[in-house]
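Participant: Supplied structure: structure-v3.pdb, PDB, C-alpha atoms.
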```pdb
ATOM      1  CA  MET J  16     -81.066 -42.829  13.123  1.00  0.00           C
ATOM      2  CA  GLU J  17     -80.247 -39.459  14.645  1.00  0.00           C
ATOM      3  CA  LYS J  18     -81.575 -36.184  13.336  1.00  0.00           C
ATOM      4  CA  LEU J  19     -79.192 -33.484  12.282  1.00  0.00           C
ATOM      5  CA  HIS J  20     -78.046 -31.050  14.925  1.00  0.00           C
ATOM      6  CA  LYS J  21     -77.364 -27.364  14.419  1.00  0.00           C
ATOM      7  CA  LYS J  22     -73.676 -27.987  14.984  1.00  0.00           C
ATOM      8  CA  ASP J  23     -73.705 -30.326  11.978  1.00  0.00           C
ATOM      9  CA  LEU J  24     -74.979 -27.484   9.820  1.00  0.00           C
ATOM     10  CA  LEU J  25     -72.396 -25.131  11.297  1.00  0.00           C
ATOM     11  CA  TRP J  26     -69.647 -27.603  10.428  1.00  0.00           C
ATOM     12  CA  MET J  27     -71.031 -27.681   6.887  1.00  0.00           C
ATOM     13  CA  ILE J  28     -70.848 -23.893   6.717  1.00  0.00           C
ATOM     14  CA  TRP J  29     -67.228 -23.946   7.886  1.00  0.00           C
ATOM     15  CA  ARG J  30     -66.361 -26.516   5.225  1.00  0.00           C
ATOM     16  CA  THR J  31     -67.819 -24.349   2.448  1.00  0.00           C
ATOM     17  CA  PHE J  32     -64.648 -22.258   2.641  1.00  0.00           C
ATOM     18  CA  TYR J  33     -62.874 -25.249   1.082  1.00  0.00           C
ATOM     19  CA  ILE J  34     -65.506 -26.172  -1.493  1.00  0.00           C
ATOM     20  CA  GLN J  35     -63.185 -25.229  -4.369  1.00  0.00           C
ATOM     21  CA  GLY J  36     -60.181 -27.026  -2.927  1.00  0.00           C
ATOM     22  CA  SER J  37     -60.671 -30.045  -5.206  1.00  0.00           C
ATOM     23  CA  TRP J  38     -62.255 -28.382  -8.220  1.00  0.00           C
ATOM     24  CA  ASN J  39     -61.852 -30.496 -11.355  1.00  0.00           C
ATOM     25  CA  TYR J  40     -62.778 -30.224 -15.032  1.00  0.00           C
ATOM     26  CA  GLU J  41     -64.723 -33.476 -15.161  1.00  0.00           C
ATOM     27  CA  ARG J  42     -67.253 -32.976 -12.355  1.00  0.00           C
ATOM     28  CA  MET J  43     -66.494 -29.421 -11.233  1.00  0.00           C
ATOM     29  CA  LEU J  44     -67.403 -28.924  -7.539  1.00  0.00           C
ATOM     30  CA  ASN J  45     -68.441 -32.499  -6.774  1.00  0.00           C
ATOM     31  CA  LEU J  46     -65.513 -33.329  -4.459  1.00  0.00           C
ATOM     32  CA  GLY J  47     -65.841 -30.070  -2.557  1.00  0.00           C
ATOM     33  CA  PHE J  48     -69.601 -30.578  -2.314  1.00  0.00           C
ATOM     34  CA  VAL J  49     -69.137 -34.021  -0.756  1.00  0.00           C
ATOM     35  CA  TYR J  50     -66.479 -32.660   1.585  1.00  0.00           C
ATOM     36  CA  CYS J  51     -69.010 -30.120   2.889  1.00  0.00           C
ATOM     37  CA  LEU J  52     -71.546 -32.903   3.438  1.00  0.00           C
ATOM     38  CA  MET J  53     -69.277 -35.134   5.533  1.00  0.00           C
ATOM     39  CA  PRO J  54     -70.815 -34.017   8.864  1.00  0.00           C
ATOM     40  CA  ILE J  55     -74.162 -35.192   7.443  1.00  0.00           C
ATOM     41  CA  ILE J  56     -73.023 -38.664   6.434  1.00  0.00           C
ATOM     42  CA  LYS J  57     -71.412 -39.207   9.817  1.00  0.00           C
ATOM     43  CA  ARG J  58     -74.639 -38.296  11.582  1.00  0.00           C
ATOM     44  CA  LEU J  59     -77.195 -40.050   9.370  1.00  0.00           C
ATOM     45  CA  TYR J  60     -75.472 -43.222   8.214  1.00  0.00           C
ATOM     46  CA  THR J  61     -73.599 -45.675  10.415  1.00  0.00           C
ATOM     47  CA  ASP J  62     -73.601 -48.670   8.060  1.00  0.00           C
ATOM     48  CA  PRO J  63     -70.932 -48.951   5.312  1.00  0.00           C
ATOM     49  CA  GLU J  64     -73.491 -49.567   2.559  1.00  0.00           C
ATOM     50  CA  GLY J  65     -75.484 -46.476   3.442  1.00  0.00           C
ATOM     51  CA  ARG J  66     -72.353 -44.322   3.415  1.00  0.00           C
ATOM     52  CA  LYS J  67     -71.184 -45.832   0.142  1.00  0.00           C
ATOM     53  CA  ALA J  68     -74.536 -45.057  -1.519  1.00  0.00           C
ATOM     54  CA  PHE J  69     -74.426 -41.508  -0.118  1.00  0.00           C
ATOM     55  CA  LEU J  70     -70.973 -40.875  -1.571  1.00  0.00           C
ATOM     56  CA  LYS J  71     -71.943 -42.342  -4.923  1.00  0.00           C
ATOM     57  CA  ARG J  72     -74.970 -40.014  -5.127  1.00  0.00           C
ATOM     58  CA  HIS J  73     -73.068 -36.839  -4.439  1.00  0.00           C
ATOM     59  CA  LEU J  74     -69.846 -37.550  -6.315  1.00  0.00           C
ATOM     60  CA  GLN J  75     -71.724 -36.954  -9.543  1.00  0.00           C
ATOM     61  CA  TYR J  76     -71.394 -33.735 -11.554  1.00  0.00           C
ATOM     62  CA  PHE J  77     -72.267 -30.549  -9.703  1.00  0.00           C
ATOM     63  CA  ASN J  78     -71.397 -26.977 -10.578  1.00  0.00           C
ATOM     64  CA  ALA J  79     -72.581 -23.689  -9.073  1.00  0.00           C
ATOM     65  CA  HIS J  80     -71.206 -20.447  -7.730  1.00  0.00           C
ATOM     66  CA  PRO J  81     -69.109 -21.400  -4.658  1.00  0.00           C
ATOM     67  CA  TYR J  82     -70.987 -19.015  -2.350  1.00  0.00           C
ATOM     68  CA  PHE J  83     -74.509 -19.782  -3.585  1.00  0.00           C
ATOM     69  CA  ALA J  84     -73.786 -23.528  -3.458  1.00  0.00           C
ATOM     70  CA  SER J  85     -74.630 -23.211   0.237  1.00  0.00           C
ATOM     71  CA  PHE J  86     -78.348 -23.210  -0.666  1.00  0.00           C
ATOM     72  CA  ALA J  87     -77.977 -26.587  -2.383  1.00  0.00           C
ATOM     73  CA  LEU J  88     -76.043 -27.948   0.594  1.00  0.00           C
ATOM     74  CA  GLY J  89     -78.804 -26.943   3.000  1.00  0.00           C
ATOM     75  CA  VAL J  90     -81.528 -28.530   0.899  1.00  0.00           C
ATOM     76  CA  VAL J  91     -79.536 -31.729   0.393  1.00  0.00           C
ATOM     77  CA  ALA J  92     -78.967 -31.964   4.151  1.00  0.00           C
ATOM     78  CA  ARG J  93     -82.715 -31.797   4.770  1.00  0.00           C
ATOM     79  CA  LEU J  94     -83.551 -34.302   2.032  1.00  0.00           C
ATOM     80  CA  GLU J  95     -80.896 -36.760   3.157  1.00  0.00           C
ATOM     81  CA  GLU J  96     -82.197 -36.510   6.704  1.00  0.00           C
ATOM     82  CA  LYS J  97     -85.734 -37.198   5.510  1.00  0.00           C
ATOM     83  CA  GLY J  98     -84.622 -40.026   3.242  1.00  0.00           C
ATOM     84  CA  ALA J  99     -82.671 -41.743   5.994  1.00  0.00           C
ATOM     85  CA  ALA J 100     -85.592 -41.426   8.430  1.00  0.00           C
ATOM     86  CA  GLU J 101     -88.147 -42.758   5.943  1.00  0.00           C
ATOM     87  CA  LYS J 102     -85.735 -45.331   4.477  1.00  0.00           C
ATOM     88  CA  TRP J 103     -86.045 -44.159   0.894  1.00  0.00           C
ATOM     89  CA  THR J 104     -85.063 -46.614  -1.799  1.00  0.00           C
ATOM     90  CA  ASP J 105     -85.011 -43.995  -4.547  1.00  0.00           C
ATOM     91  CA  PHE J 106     -82.970 -40.803  -4.084  1.00  0.00           C
ATOM     92  CA  SER J 107     -83.277 -39.638  -7.684  1.00  0.00           C
ATOM     93  CA  SER J 108     -85.249 -36.549  -6.566  1.00  0.00           C
ATOM     94  CA  ILE J 109     -82.077 -35.220  -4.935  1.00  0.00           C
ATOM     95  CA  ASP J 110     -80.089 -35.621  -8.153  1.00  0.00           C
ATOM     96  CA  LYS J 111     -82.816 -33.888 -10.154  1.00  0.00           C
ATOM     97  CA  PHE J 112     -82.942 -31.040  -7.670  1.00  0.00           C
ATOM     98  CA  LYS J 113     -79.176 -30.484  -7.835  1.00  0.00           C
ATOM     99  CA  MET J 114     -79.214 -30.418 -11.633  1.00  0.00           C
ATOM    100  CA  ARG J 115     -82.201 -28.055 -11.712  1.00  0.00           C
ATOM    101  CA  ILE J 116     -80.843 -25.562  -9.201  1.00  0.00           C
ATOM    102  CA  SER J 117     -77.182 -25.481 -10.214  1.00  0.00           C
ATOM    103  CA  SER J 118     -77.650 -23.164 -13.204  1.00  0.00           C
ATOM    104  CA  SER J 119     -79.633 -20.639 -11.128  1.00  0.00           C
ATOM    105  CA  LEU J 120     -77.026 -20.684  -8.368  1.00  0.00           C
ATOM    106  CA  GLY J 121     -74.267 -20.136 -10.907  1.00  0.00           C
ATOM    107  CA  ALA J 122     -76.023 -17.303 -12.741  1.00  0.00           C
ATOM    108  CA  LEU J 123     -76.983 -15.423  -9.575  1.00  0.00           C
ATOM    109  CA  GLY J 124     -73.583 -15.760  -7.947  1.00  0.00           C
ATOM    110  CA  ASP J 125     -71.589 -14.838 -11.043  1.00  0.00           C
ATOM    111  CA  ARG J 126     -73.652 -11.744 -11.707  1.00  0.00           C
ATOM    112  CA  LEU J 127     -73.875 -10.590  -8.100  1.00  0.00           C
ATOM    113  CA  PHE J 128     -70.325 -11.249  -6.907  1.00  0.00           C
ATOM    114  CA  TRP J 129     -68.037 -11.501  -9.936  1.00  0.00           C
ATOM    115  CA  GLY J 130     -69.916  -8.933 -11.992  1.00  0.00           C
ATOM    116  CA  MET J 131     -70.824  -6.356  -9.336  1.00  0.00           C
ATOM    117  CA  ILE J 132     -69.671  -6.714  -5.737  1.00  0.00           C
ATOM    118  CA  LYS J 133     -66.032  -7.587  -6.471  1.00  0.00           C
ATOM    119  CA  PRO J 134     -65.370  -4.780  -9.014  1.00  0.00           C
ATOM    120  CA  ILE J 135     -67.268  -2.211  -6.939  1.00  0.00           C
ATOM    121  CA  ILE J 136     -65.351  -3.072  -3.776  1.00  0.00           C
ATOM    122  CA  GLY J 137     -62.147  -3.001  -5.808  1.00  0.00           C
ATOM    123  CA  VAL J 138     -62.800   0.465  -7.248  1.00  0.00           C
ATOM    124  CA  LEU J 139     -63.798   1.929  -3.886  1.00  0.00           C
ATOM    125  CA  GLY J 140     -60.810   0.222  -2.261  1.00  0.00           C
ATOM    126  CA  VAL J 141     -58.415   1.821  -4.740  1.00  0.00           C
ATOM    127  CA  PHE J 142     -60.023   5.210  -4.150  1.00  0.00           C
ATOM    128  CA  LEU J 143     -59.721   4.882  -0.359  1.00  0.00           C
ATOM    129  CA  THR J 144     -56.136   3.645  -0.654  1.00  0.00           C
ATOM    130  CA  LEU J 145     -55.159   6.696  -2.670  1.00  0.00           C
ATOM    131  CA  LEU J 146     -56.991   8.958  -0.257  1.00  0.00           C
ATOM    132  CA  LEU J 147     -56.451   7.342   3.175  1.00  0.00           C
ATOM    133  CA  GLY J 148     -53.714   4.747   2.757  1.00  0.00           C
ATOM    134  CA  ILE J 149     -54.182   1.533   4.772  1.00  0.00           C
ATOM    135  CA  VAL J 150     -57.911   2.193   5.139  1.00  0.00           C
ATOM    136  CA  GLY J 151     -58.371   1.083   1.513  1.00  0.00           C
ATOM    137  CA  PRO J 152     -57.079  -2.498   1.886  1.00  0.00           C
ATOM    138  CA  ILE J 153     -58.948  -2.890   5.177  1.00  0.00           C
ATOM    139  CA  PHE J 154     -62.149  -1.739   3.496  1.00  0.00           C
ATOM    140  CA  MET J 155     -61.638  -4.217   0.650  1.00  0.00           C
ATOM    141  CA  ILE J 156     -61.091  -7.153   3.011  1.00  0.00           C
ATOM    142  CA  VAL J 157     -64.024  -6.322   5.275  1.00  0.00           C
ATOM    143  CA  GLY J 158     -66.381  -5.072   2.553  1.00  0.00           C
ATOM    144  CA  TYR J 159     -65.998  -8.147   0.388  1.00  0.00           C
ATOM    145  CA  ASN J 160     -65.909 -10.823   3.086  1.00  0.00           C
ATOM    146  CA  ILE J 161     -68.962  -9.742   5.073  1.00  0.00           C
ATOM    147  CA  PRO J 162     -71.522 -10.461   2.311  1.00  0.00           C
ATOM    148  CA  HIS J 163     -70.027 -13.747   1.150  1.00  0.00           C
ATOM    149  CA  ILE J 164     -69.552 -15.127   4.683  1.00  0.00           C
ATOM    150  CA  TYR J 165     -73.125 -14.179   5.513  1.00  0.00           C
ATOM    151  CA  LEU J 166     -74.350 -15.866   2.330  1.00  0.00           C
ATOM    152  CA  ARG J 167     -72.596 -19.111   3.241  1.00  0.00           C
ATOM    153  CA  TYR J 168     -74.427 -19.149   6.582  1.00  0.00           C
ATOM    154  CA  TYR J 169     -77.782 -17.949   5.251  1.00  0.00           C
ATOM    155  CA  GLY J 170     -77.756 -20.347   2.292  1.00  0.00           C
ATOM    156  CA  VAL J 171     -77.210 -23.475   4.352  1.00  0.00           C
ATOM    157  CA  MET J 172     -79.714 -22.510   7.032  1.00  0.00           C
ATOM    158  CA  ARG J 173     -82.356 -21.299   4.578  1.00  0.00           C
ATOM    159  CA  GLY J 174     -81.945 -24.313   2.325  1.00  0.00           C
ATOM    160  CA  TYR J 175     -82.300 -26.684   5.268  1.00  0.00           C
ATOM    161  CA  LYS J 176     -85.410 -24.897   6.471  1.00  0.00           C
ATOM    162  CA  LYS J 177     -87.200 -24.568   3.121  1.00  0.00           C
ATOM    163  CA  GLY J 178     -86.183 -27.758   1.319  1.00  0.00           C
ATOM    164  CA  PHE J 179     -87.392 -27.906  -2.284  1.00  0.00           C
ATOM    165  CA  ASP J 180     -89.305 -24.645  -1.757  1.00  0.00           C
ATOM    166  CA  VAL J 181     -86.041 -22.677  -1.697  1.00  0.00           C
ATOM    167  CA  ILE J 182     -86.123 -22.740  -5.515  1.00  0.00           C
ATOM    168  CA  SER J 183     -88.791 -20.011  -5.472  1.00  0.00           C
ATOM    169  CA  GLU J 184     -86.323 -17.686  -3.722  1.00  0.00           C
ATOM    170  CA  LEU J 185     -83.497 -18.199  -6.190  1.00  0.00           C
ATOM    171  CA  SER J 186     -84.613 -16.270  -9.237  1.00  0.00           C
ATOM    172  CA  VAL J 187     -83.065 -13.318 -11.043  1.00  0.00           C
ATOM    173  CA  ARG J 188     -86.329 -11.399 -10.542  1.00  0.00           C
ATOM    174  CA  ARG J 189     -86.047 -11.722  -6.770  1.00  0.00           C
ATOM    175  CA  TYR J 190     -82.523 -10.292  -6.806  1.00  0.00           C
ATOM    176  CA  LYS J 191     -83.253  -7.608  -9.383  1.00  0.00           C
ATOM    177  CA  LYS J 192     -83.366  -4.815  -6.816  1.00  0.00           C
ATOM    178  CA  TYR J 193     -79.858  -5.726  -5.665  1.00  0.00           C
ATOM    179  CA  PHE J 194     -78.602  -5.757  -9.241  1.00  0.00           C
ATOM    180  CA  ASP J 195     -80.143  -2.351  -9.926  1.00  0.00           C
ATOM    181  CA  ASN J 196     -78.766  -0.753  -6.769  1.00  0.00           C
ATOM    182  CA  LEU J 197     -75.306  -2.196  -7.242  1.00  0.00           C
ATOM    183  CA  GLY J 198     -75.311  -1.012 -10.850  1.00  0.00           C
ATOM    184  CA  LYS J 199     -75.948   2.545  -9.685  1.00  0.00           C
ATOM    185  CA  LEU J 200     -73.257   2.215  -7.042  1.00  0.00           C
ATOM    186  CA  SER J 201     -70.779   1.019  -9.651  1.00  0.00           C
ATOM    187  CA  LEU J 202     -71.340   4.170 -11.719  1.00  0.00           C
ATOM    188  CA  PHE J 203     -70.836   6.313  -8.660  1.00  0.00           C
ATOM    189  CA  ALA J 204     -67.636   4.435  -7.747  1.00  0.00           C
ATOM    190  CA  VAL J 205     -66.152   4.882 -11.216  1.00  0.00           C
ATOM    191  CA  GLY J 206     -67.033   8.579 -11.174  1.00  0.00           C
ATOM    192  CA  ILE J 207     -65.487   9.397  -7.799  1.00  0.00           C
ATOM    193  CA  LEU J 208     -62.329   7.427  -8.595  1.00  0.00           C
ATOM    194  CA  GLY J 209     -61.903   9.227 -11.895  1.00  0.00           C
ATOM    195  CA  GLY J 210     -62.477  12.619 -10.301  1.00  0.00           C
ATOM    196  CA  PHE J 211     -59.960  11.883  -7.590  1.00  0.00           C
ATOM    197  CA  LEU J 212     -57.333  10.784 -10.112  1.00  0.00           C
ATOM    198  CA  LEU J 213     -57.668  14.067 -11.965  1.00  0.00           C
ATOM    199  CA  ILE J 214     -57.580  16.156  -8.804  1.00  0.00           C
ATOM    200  CA  SER J 215     -54.509  14.281  -7.529  1.00  0.00           C
ATOM    201  CA  ALA J 216     -52.828  14.934 -10.875  1.00  0.00           C
ATOM    202  CA  GLY J 217     -53.340  18.652 -10.435  1.00  0.00           C
ATOM    203  CA  LYS J 218     -56.438  18.901 -12.628  1.00  0.00           C
ATOM    204  CA  SER J 219     -59.516  20.750 -11.474  1.00  0.00           C
ATOM    205  CA  GLY J 220     -62.376  22.896 -12.595  1.00  0.00           C
ATOM    206  CA  ILE J 221     -64.114  22.071 -15.863  1.00  0.00           C
ATOM    207  CA  GLN J 222     -62.021  18.949 -16.543  1.00  0.00           C
ATOM    208  CA  THR J 223     -63.073  17.330 -13.277  1.00  0.00           C
ATOM    209  CA  SER J 224     -66.724  18.153 -13.886  1.00  0.00           C
ATOM    210  CA  VAL J 225     -66.624  16.800 -17.421  1.00  0.00           C
ATOM    211  CA  LEU J 226     -64.929  13.619 -16.190  1.00  0.00           C
ATOM    212  CA  PHE J 227     -67.650  12.906 -13.646  1.00  0.00           C
ATOM    213  CA  ILE J 228     -70.382  13.421 -16.212  1.00  0.00           C
ATOM    214  CA  LEU J 229     -68.822  11.516 -19.105  1.00  0.00           C
ATOM    215  CA  SER J 230     -67.528   8.537 -17.155  1.00  0.00           C
ATOM    216  CA  GLY J 231     -70.897   7.998 -15.521  1.00  0.00           C
ATOM    217  CA  ALA J 232     -72.852   8.615 -18.730  1.00  0.00           C
ATOM    218  CA  ILE J 233     -70.759   6.290 -20.876  1.00  0.00           C
ATOM    219  CA  THR J 234     -70.755   3.518 -18.275  1.00  0.00           C
ATOM    220  CA  TYR J 235     -74.520   3.816 -17.891  1.00  0.00           C
ATOM    221  CA  PHE J 236     -75.032   3.788 -21.646  1.00  0.00           C
ATOM    222  CA  ILE J 237     -73.007   0.601 -22.031  1.00  0.00           C
ATOM    223  CA  LEU J 238     -74.938  -1.071 -19.223  1.00  0.00           C
ATOM    224  CA  ILE J 239     -78.372  -0.267 -20.631  1.00  0.00           C
ATOM    225  CA  MET J 240     -77.179  -1.600 -23.986  1.00  0.00           C
ATOM    226  CA  ARG J 241     -76.774  -4.934 -22.165  1.00  0.00           C
ATOM    227  CA  LYS J 242     -73.041  -5.061 -22.531  1.00  0.00           C
ATOM    228  CA  SER J 243     -70.885  -6.507 -19.770  1.00  0.00           C
ATOM    229  CA  PHE J 244     -70.001  -4.514 -16.674  1.00  0.00           C
ATOM    230  CA  TYR J 245     -66.304  -5.182 -17.238  1.00  0.00           C
ATOM    231  CA  PHE J 246     -66.431  -3.696 -20.732  1.00  0.00           C
ATOM    232  CA  ALA J 247     -68.189  -0.592 -19.406  1.00  0.00           C
ATOM    233  CA  PHE J 248     -65.738  -0.257 -16.546  1.00  0.00           C
ATOM    234  CA  ILE J 249     -62.667  -0.562 -18.772  1.00  0.00           C
ATOM    235  CA  LEU J 250     -64.086   1.971 -21.211  1.00  0.00           C
ATOM    236  CA  ALA J 251     -64.746   4.471 -18.421  1.00  0.00           C
ATOM    237  CA  VAL J 252     -61.241   4.009 -16.993  1.00  0.00           C
ATOM    238  CA  LEU J 253     -59.666   4.569 -20.416  1.00  0.00           C
ATOM    239  CA  LEU J 254     -61.725   7.725 -20.773  1.00  0.00           C
ATOM    240  CA  MET J 255     -60.539   9.000 -17.401  1.00  0.00           C
ATOM    241  CA  PHE J 256     -56.890   8.429 -18.152  1.00  0.00           C
ATOM    242  CA  GLY J 257     -57.293   9.989 -21.580  1.00  0.00           C
ATOM    243  CA  MET J 258     -58.760  13.134 -20.055  1.00  0.00           C
ATOM    244  CA  ALA J 259     -56.031  13.173 -17.397  1.00  0.00           C
ATOM    245  CA  LEU J 260     -53.450  13.477 -20.170  1.00  0.00           C
ATOM    246  CA  ILE J 261     -55.146  16.496 -21.744  1.00  0.00           C
TER     247      ILE J 261
END
```
Could you render the structure from this file as structure tokens?
Facilitator:
Amino acid sequence: MEKLHKKDLLWMIWRTFYIQGSWNYERMLNLGFVYCLMPIIKRLYTDPEGRKAFLKRHLQYFNAHPYFASFALGVVARLEEKGAAEKWTDFSSIDKFKMRISSSLGALGDRLFWGMIKPIIGVLGVFLTLLLGIVGPIFMIVGYNIPHIYLRYYGVMRGYKKGFDVISELSVRRYKKYFDNLGKLSLFAVGILGGFLLISAGKSGIQTSVLFILSGAITYFILIMRKSFYFAFILAVLLMFGMALI
């Protein structure tokens, strides 16, 4: 039995871009997850029975954020390598790990990317488009893709290196500083976009100053009241347009 090579992990990372290609309501990301693991099965198992058992294990239910799923892929690669080398007869620990970690991966990814990074990049992209034209779309493409591509690579490599111990790194507390900083950035983004909209509409002076203060204050108030970012963002935008009509 061969050990995994780095190129096998790199092929896994490449395949993560297609992890949602076969998303389904019954078992969510299971087909995409197995697709990402195909370089592993080809390396570790040469016998038909071993490959059949591998596929049966990983075609079960699995759901997580598509970017953070890379951590689970890395850990599974390490565990499958160890199991094949030691000729395990019981792989239930892998199933338990996937079930235990999936909720954390989903919560972290949804909050970090869907709730913060995507709307922030979108707001700043709109602002730059209005101000500098084509620079805005370029910023949106580059600004959003850099962190998620890096996370695909880091997740697989870190998961493979740490194994089960990667669970200690995937907690909301560990990512709290990122959430806090991105929350502040989101308020700033909403404020500068609102100010620019008023200035471009011919407004200035006290109206612009009031807009910056109120949009930031109301958004912040909604956030500390534990309401959703989207609700706060929509409320701030409505406020800006309302003031623009005054």
Participant: Which residues of segment 47-140 of chain J come within 12 Å of segment 165-181 of chain J, and for each one, what is the closest pair of atoms and their distance in Å to one decimal, counting all atoms listed in the file, sorted by chain and residue number, as CSV?
Facilitator:
```
residue,atom,partner,partner_atom,distance
J:Cys51,CA,J:Val171,CA,10.7
J:Leu52,CA,J:Val171,CA,11.0
J:Ile55,CA,J:Tyr175,CA,12.0
J:His80,CA,J:Arg167,CA,11.1
J:Pro81,CA,J:Arg167,CA,8.9
J:Tyr82,CA,J:Arg167,CA,5.8
J:Phe83,CA,J:Gly170,CA,6.7
J:Ala84,CA,J:Gly170,CA,7.7
J:Ser85,CA,J:Gly170,CA,4.7
J:Phe86,CA,J:Gly170,CA,4.2
J:Ala87,CA,J:Gly174,CA,6.6
J:Leu88,CA,J:Val171,CA,6.0
J:Gly89,CA,J:Val171,CA,4.0
J:Val90,CA,J:Gly174,CA,4.5
J:Val91,CA,J:Tyr175,CA,7.5
J:Ala92,CA,J:Tyr175,CA,6.3
J:Arg93,CA,J:Tyr175,CA,5.2
J:Leu94,CA,J:Gly178,CA,7.1
J:Glu95,CA,J:Tyr175,CA,10.4
J:Glu96,CA,J:Tyr175,CA,9.9
J:Lys97,CA,J:Gly178,CA,10.3
J:Ser108,CA,J:Phe179,CA,9.9
J:Ile109,CA,J:Phe179,CA,9.4
J:Lys111,CA,J:Phe179,CA,10.9
J:Phe112,CA,J:Phe179,CA,7.7
J:Lys113,CA,J:Phe179,CA,10.2
J:Arg115,CA,J:Phe179,CA,10.8
J:Ile116,CA,J:Val181,CA,9.6
J:Ser119,CA,J:Val181,CA,11.6
J:Leu120,CA,J:Gly170,CA,10.7
J:Gly124,CA,J:Leu166,CA,10.3
J:Leu127,CA,J:Leu166,CA,11.7
J:Phe128,CA,J:Leu166,CA,11.1
```
Participant: Which polymer residues have any atom within 9 Å of an atom of segment 58-71 of chain J, counting only C-alpha atoms, with same-chain residues fewer than 3 positions away left out, as a PyMOL selection string?
Facilitator: chain J and resi 16-20+23+49+53-55+74-75+95-96+99-100
Participant: Rounded to one decimal place, report the atom CA of Tyr50 of chain J-atom CA of Ser37 of chain J distance in Å.
Facilitator: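 A separation of 9.3 Å between them.
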Participant: Suppose you want the space between atom CA of Ile164 of chain J and atom CA of Trp129 of chain J; what is it in Å?
Facilitator: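 Distance reported for this atom pair: 15.1 Å.
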Participant: Need the shell around Asn39 of chain J: protein/DNA/RNA residues with any atom at most 12 Å away, counting only C-alpha atoms. Skip same-chain ones fewer than 2 positions apart. Format as a compact mmCIF listing (two decimals) with C-alpha atoms, in the coordinates of the input?
Facilitator:
```
# COMPACT_ATOMS: atom_id res chain seq x y z
CA ILE J 34 -65.51 -26.17 -1.49
CA GLN J 35 -63.18 -25.23 -4.37
CA GLY J 36 -60.18 -27.03 -2.93
CA SER J 37 -60.67 -30.04 -5.21
CA GLU J 41 -64.72 -33.48 -15.16
CA ARG J 42 -67.25 -32.98 -12.36
CA MET J 43 -66.49 -29.42 -11.23
CA LEU J 44 -67.40 -28.92 -7.54
CA ASN J 45 -68.44 -32.50 -6.77
CA LEU J 46 -65.51 -33.33 -4.46
CA GLY J 47 -65.84 -30.07 -2.56
CA PHE J 48 -69.60 -30.58 -2.31
CA LEU J 74 -69.85 -37.55 -6.32
CA GLN J 75 -71.72 -36.95 -9.54
CA TYR J 76 -71.39 -33.74 -11.55
CA PHE J 77 -72.27 -30.55 -9.70
CA ASN J 78 -71.40 -26.98 -10.58
```
Participant: In Å, rounded to a single decimal, give me how far atom CA of Met155 of chain J is from atom CA of Met131 of chain J.
Facilitator: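 Separation between atom CA of Met131 of chain J and atom CA of Met155 of chain J: 13.7 Å.
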